[in-house]
Structures are given as structure tokens and as C-alpha cells.
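Take a look at the structure below.
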Amino acid sequence: MSKRVAAALCLAIVSLLWLSSDKAGDPELCFVAPLPGECGTCPVPPEPLQKGGRLLGIGVAGAIDADYGASFEQAIEMGMAFVELSIAWDDVEPHPGQYDDEVVNRVNDICAEHDTKIALTLMPVDNVALRMPSDLAGKAFDDGEVVERFDALLENVLATLPDVDVFVLSIGNEVDAYLSGDEWEHYAAFLQQTANHARELQPDLKVGVKLRFESVTESAVEQCRSLNEHSDAVLLTYYPVNADFSVRQPWSVDDDLGEVVALFPGREFMVLECGYPSGQGVGSSEEMQAQFMSYAFAAWDHRALSMRVMSFSWLHDVSPEELEALSRYYGSDDARFLEFLATRGLRTYEDSPKMAYDSLQTELRMRSW
């Protein structure tokens, strides 16, 4: 029997067990690493794989009426099992040791009401922005005071979420866009210490750091690998676009996720942000965005043994006011970049469904979500 046939048979048997297990989707129980150099040969399921233990997330933002609750309900009806709660450190700790818990309290209440899990992102770094409190400015990430203050922040946030299941913690968002030089080493030391404290607080919590797909697989491979040595799961944001934010083909997703599997054999990975813009300005369309949804689910079926978590961003397109604020935040008025940010929603800002919204619903129904 060839190695390829053996791998296919092994995957088929494990997939059957995975679907019938009470802990379906748990990579520690059911992951089968591909044979060296043969990740791309893993058989694509011949038909949609049933939900099993997979978790669907949807990035929720209010539509034109800014009704977050109504948008949350829409996402729940579609099958959303978790929502990401992203908190910038300097927002929630405006003064040393003093916390603003208003947003966290609201999210705790609405998630508890709907039995919705939380993927928590606490951000000392958010993409291009440093979000540490101003009194810590100039200190290295692994400075003792920085670590101690972040640990205290984490304790406070988790204590403010007593009624929900926080199943994964990302310490920073797309930190690869900010770090340079020896900051990578300082952040790795910071991540190691704060992640250990998080595990002490909640032993079942998966801890990692969100990194962009392109950095993990191409532009900062070794640096990202070093950070992930301190992570329980490889946490990704994934948008198949080129450096100028023009879209790549919708079917790129399976090969792209396969690259991650090959780079981290045997590891669990979670796609905590995933999406595809529909704007003409980036060479896309509603049709292409809808196609991406279908290809994304086929890829998720294919990689289900190592990836049980995927979240799509966003439910709605960004409002003109939000887009202007994002332009200032990122320090860019590049037309393609703004089109990429503005048109990733499954529904328009005015709350009309786009083709991708219907495509997502179809894919979910086929898998008994």
C-alpha cells in the first residue's frame, strides 16, 4: 500500500470517528499529521463534512441603525457559536490600575443570554498601533512592570466575564505588522510570561497571538514561528489579497490553509478573522465574495482535523463614519485599502443581504449547522 493511499484511508477512518465523537473537532484527540511533504495530497471530502465539533464565529457590528443587539441576533440565527471581543489595553485601563469595564460587562450579558462563547483579544499591540497605557511608554514589552500590569489587566477582564466561556485568548492582534528588530524577542518573552499567567488563571484556556497569514507563511516566517512556540494554538487572520489589497482568486483558500498545516504539523490552528471584500475597487464583486464563502467551507472541511474554529468578518459593511475613523487610525487614505476595509461585510451597511450572505447560509445548511 502506498503512503498516499495509507494517508487517505487513515484520514477517512479518523474523520468518521471525529464526526461520531462527543469531542468532535478536538485536535488533541483526532488530529492526524500528514506525511512529510505530502500535506497537499490529503483528500478533499467528496461532499460537505457535517458540523461536528466545529465552531463558527461572525464578526458582529451594527448596521445603519447601530443596533448591535439586532445584528447579534442575526448572527446567532445563522449558527454563530462565538464572537470575538477585542480590547485595546489603553482603552480599558485609562489610568494605572483603574479599569473601564462598561463594554466588557455588556458583552458578558449578551453572550450569557445567548450561550455564546468568546474569543478574547487583549491588545498591547493592534496591527500598526501600540496600545499600551501612556505611562508605560518607552518600556520594553518584557519589562517587569509591563508584564505585571498586563497580568492584572487580564485578571480584571476575566473576572468581568464570569458568565461566559472564554475559550481562547489572543495576546495582541496582528502584532507582526508592528514588531521590528529586537522587538520580536521582547514580545516573545512578554508572550511567554503573560500566557503562562493566563493558563494559571484558566487551565483550559487556549492562549496565543493573532498573526497575519502572509507573515506566518512568507514575510516573517521565523519570527512568527518563534512567537508560536509559546502558543497553544496558531491564531490567524486570513484575507486572500495582494500587497496592494487587490483580491486573489477565491479558490486560493485551500492551498493557503494547507501551507499553515505544513508549517505547523500536528498543531491546532484557528482562523479568528477570515473574509473577502466585494468592492470593484479591489478587483472583486459580490459574485467573487460569494464564491469565496463556498471555497472557504470546502477548505474548512478539508482541514477540519487541525482547524475547528473559523470566524468571518464582518456581518455588515463599514459605515462611512467608521471608515473615516479607520483611515485615521491606520494612517492611510489609499483607495484600495479603504475599499478592502469597507466591503468585507456579508450584508451592506444599510442591512441588505449580499450574495455572500446567502452563500454562507447555504454552506451552513449543507453541514447541518
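Identifiers for the C-alpha cells are assigned positionally: chains receive A, B, ... in sequence, residues are indexed from 1 per chain, and ligands are indexed from 1 in the order shown.
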
DSSP on the backbone, alpha helix (DSSP H) only: what residues of region 6-241 of chain A does that give? Format it as a PyMOL selection string. chain A and resi 6-20+27-30+68-78+89-92+102-113+144-159+183-201+213-214+221-228

List the spatial neighbours of Leu201 (chain A) as a ChimeraX atom specification - criterion: any atom at most 12 Å away, only C-alpha atoms, same-chain residues fewer than 3 positions off excluded. /A:151-152,154-159,166,169,194-198,204-207

Output file for the residues above (C-alpha atoms, as a PDB file, in the first residue's frame):
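To be explicit, this is the file written out as part.pdb:
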```pdb
ATOM      1  CA  ASP A 151      -1.351  40.255  34.116  1.00  0.00           C
ATOM      2  CA  ALA A 152      -3.509  42.461  36.347  1.00  0.00           C
ATOM      3  CA  LEU A 154      -6.143  40.053  32.271  1.00  0.00           C
ATOM      4  CA  GLU A 155      -7.281  39.122  35.780  1.00  0.00           C
ATOM      5  CA  ASN A 156      -9.742  42.013  35.755  1.00  0.00           C
ATOM      6  CA  VAL A 157     -11.168  41.244  32.302  1.00  0.00           C
ATOM      7  CA  LEU A 158     -11.655  37.541  33.030  1.00  0.00           C
ATOM      8  CA  ALA A 159     -13.319  38.386  36.348  1.00  0.00           C
ATOM      9  CA  VAL A 166     -13.776  32.369  27.127  1.00  0.00           C
ATOM     10  CA  LEU A 169      -7.096  34.310  24.358  1.00  0.00           C
ATOM     11  CA  THR A 194       1.681  36.502  30.221  1.00  0.00           C
ATOM     12  CA  ALA A 195       0.483  33.301  28.539  1.00  0.00           C
ATOM     13  CA  ASN A 196       1.725  31.262  31.486  1.00  0.00           C
ATOM     14  CA  HIS A 197      -0.215  33.527  33.837  1.00  0.00           C
ATOM     15  CA  ALA A 198      -3.351  33.149  31.718  1.00  0.00           C
ATOM     16  CA  ASP A 204      -8.404  25.081  29.888  1.00  0.00           C
ATOM     17  CA  LEU A 205      -7.863  28.382  28.081  1.00  0.00           C
ATOM     18  CA  LYS A 206      -6.044  28.237  24.734  1.00  0.00           C
ATOM     19  CA  VAL A 207      -3.531  31.078  24.548  1.00  0.00           C
TER      20      VAL A 207
END
```

Point-to-point distance in Å for CA of Ala188 (chain A) and CA of Leu227 (chain A): 5.3 Å

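Straight-line separation from CA of Phe292 (chain A) to CA of Cys274 (chain A): 10.3 Å.
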
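Close contacts of region 278-286 of chain A, defined as residues with an atom at most 9 Å away when counting only C-alpha atoms, with chain neighbours fewer than 3 positions off set aside, comprise A:Val241, A:Asp244, A:Phe245, A:Ser246, A:Val247, A:Arg248, A:Gln289, A:Ala290, A:Gln291, A:Ala335, A:Arg336, A:Phe337, A:Glu339, A:Phe340, A:Ala342, A:Thr343, A:Arg344, A:Gly345, A:Lys354, A:Met355, A:Ala356.
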
Can you pull out the residues contacting region 85-96 of chain A? Cut-off 6 Å, using only C-alpha atoms, and skip same-chain residues under 5 positions away; I want them as a compact mmCIF listing (two decimals) with C-alpha atoms, in the first residue's frame.
```
# COMPACT_ATOMS: atom_id res chain seq x y z
CA LEU A 120 -10.85 37.25 23.71
CA THR A 121 -8.19 39.50 22.21
CA LEU A 122 -6.33 41.78 24.64
CA MET A 123 -4.17 44.19 22.70
CA PRO A 124 -0.92 45.75 23.81
CA ARG A 131 -1.94 50.25 22.63
CA MET A 132 -0.11 50.13 25.96
CA PRO A 133 -1.12 52.76 28.55
```

State, in Å with one decimal place, the distance from CA of Gly57 (chain A) to CA of Ala75 (chain A).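 Interatomic distance here is 8.6 Å.
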
Using only C-alpha atoms, which protein or nucleic acid residues come within 7 Å of region 294-300 of chain A? Drop anything in the same chain fewer than 2 positions from it, and give the result as a PyMOL selection string. chain A and resi 250-251+253-254+290-292+302-304+359+363

May I have the residues from that selection written out with C-alpha atoms, as a PDB file, in the first residue's frame?
```
ATOM      1  CA  PRO A 250     -11.408  32.922  -4.226  1.00  0.00           C
ATOM      2  CA  TRP A 251     -10.192  29.355  -4.555  1.00  0.00           C
ATOM      3  CA  VAL A 253      -8.024  29.420   0.416  1.00  0.00           C
ATOM      4  CA  ASP A 254      -7.447  25.655   0.484  1.00  0.00           C
ATOM      5  CA  ALA A 290     -19.937  34.559  -2.564  1.00  0.00           C
ATOM      6  CA  GLN A 291     -17.615  32.098  -4.310  1.00  0.00           C
ATOM      7  CA  PHE A 292     -15.048  32.649  -1.575  1.00  0.00           C
ATOM      8  CA  HIS A 302     -10.541  19.548   4.159  1.00  0.00           C
ATOM      9  CA  ARG A 303      -8.551  20.896   7.127  1.00  0.00           C
ATOM     10  CA  ALA A 304     -11.117  20.103   9.828  1.00  0.00           C
ATOM     11  CA  SER A 359     -23.842  31.651   0.175  1.00  0.00           C
ATOM     12  CA  GLU A 363     -22.963  26.231   3.168  1.00  0.00           C
TER      13      GLU A 363
END
```

At a cut-off of 6 Å, using only C-alpha atoms, what residues contact Asn127 (chain A)? Leave out same-chain residues fewer than 4 positions from it and give the result as a list of chain:residue names.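 Counting only the stated atoms, we get A:Asn173, A:Glu174, A:Val175, A:Ala177, A:Tyr178.
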
Keeping only C-alpha atoms, take the residues you just selected and write them out as a compact mmCIF listing (two decimals), in the first residue's frame.
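out_15.txt was written with the following content:
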```
# COMPACT_ATOMS: atom_id res chain seq x y z
CA ASN A 173 -3.75 41.49 17.26
CA GLU A 174 -1.65 41.12 14.10
CA VAL A 175 1.44 42.10 16.07
CA ALA A 177 2.54 44.45 11.42
CA TYR A 178 4.12 46.42 14.29
```

Considering only strand (DSSP E) as DSSP defines it on the backbone, what residues of region 155-268 of chain A qualify? List them as a ChimeraX atom specification. /A:166-173,206-212,234-238

Take the selection from the previous step and output its residues with C-alpha atoms, as a compact mmCIF listing (two decimals), in the first residue's frame.
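Output saved as out_35.txt:
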```txt
# COMPACT_ATOMS: atom_id res chain seq x y z
CA VAL A 166 -13.78 32.37 27.13
CA PHE A 167 -12.19 29.55 25.15
CA VAL A 168 -9.23 31.29 23.53
CA LEU A 169 -7.10 34.31 24.36
CA SER A 170 -5.01 36.21 21.84
CA ILE A 171 -2.37 38.44 23.40
CA GLY A 172 -2.22 41.11 20.71
CA ASN A 173 -3.75 41.49 17.26
CA LYS A 206 -6.04 28.24 24.73
CA VAL A 207 -3.53 31.08 24.55
CA GLY A 208 -1.73 32.50 21.53
CA VAL A 209 -1.20 35.62 19.44
CA LYS A 210 -3.04 36.63 16.27
CA LEU A 211 -0.75 36.90 13.26
CA ARG A 212 -1.43 37.69 9.62
CA VAL A 234 -1.68 29.05 15.90
CA LEU A 235 -4.05 32.04 15.64
CA LEU A 236 -4.51 33.60 12.20
CA THR A 237 -6.17 36.42 10.37
CA TYR A 238 -6.70 35.48 6.73
```

Can you tell me, as a list in words, what residues are no more than 9 Å from region 312-314 of chain A when counting only C-alpha atoms, ignoring any on the same chain fewer than 4 positions away? Leu56, Gly57, Ile58, Gly59, Val60, Ala61, Val271, Leu272, Glu273, Cys274, Gly275, Tyr276, Val318, Thr343, Arg344, Gly345, Leu346 and Arg347 of chain A

Proximity of region 143-204 of chain A to region 134-139 of chain A: per-residue shortest pair, 9 Å limit, only C-alpha atoms, as CSV:
```
residue,atom,partner,partner_atom,distance
A:Asp143,CA,A:Lys139,CA,6.3
A:Glu145,CA,A:Leu136,CA,8.2
A:Val146,CA,A:Leu136,CA,6.9
```

Kindly save the residues from that selection, with C-alpha atoms included, as an mmCIF file, in the first residue's frame.
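Everything below was put into result.cif:
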```
data_model
loop_
_atom_site.group_PDB
_atom_site.id
_atom_site.type_symbol
_atom_site.label_atom_id
_atom_site.label_comp_id
_atom_site.auth_asym_id
_atom_site.auth_seq_id
_atom_site.Cartn_x
_atom_site.Cartn_y
_atom_site.Cartn_z
ATOM 1 C CA ASP A 143 9.826 44.883 31.241
ATOM 2 C CA GLU A 145 6.227 46.422 35.191
ATOM 3 C CA VAL A 146 4.634 45.897 31.751
#
```

Smallest atom-to-atom distance to Tyr187 (chain A): which of A:Glu322, A:Asp142, A:Asp358, A:Asp317, using only C-alpha atoms?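 The shortest atom-to-atom distance to Tyr187 (chain A) comes from A:Asp142.
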
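With only C-alpha atoms as the atoms that count, the minimum distance from Gly69 (chain A) to the choices A:Ser311, A:Tyr99, A:His114, A:Ser352 is reached by A:His114.
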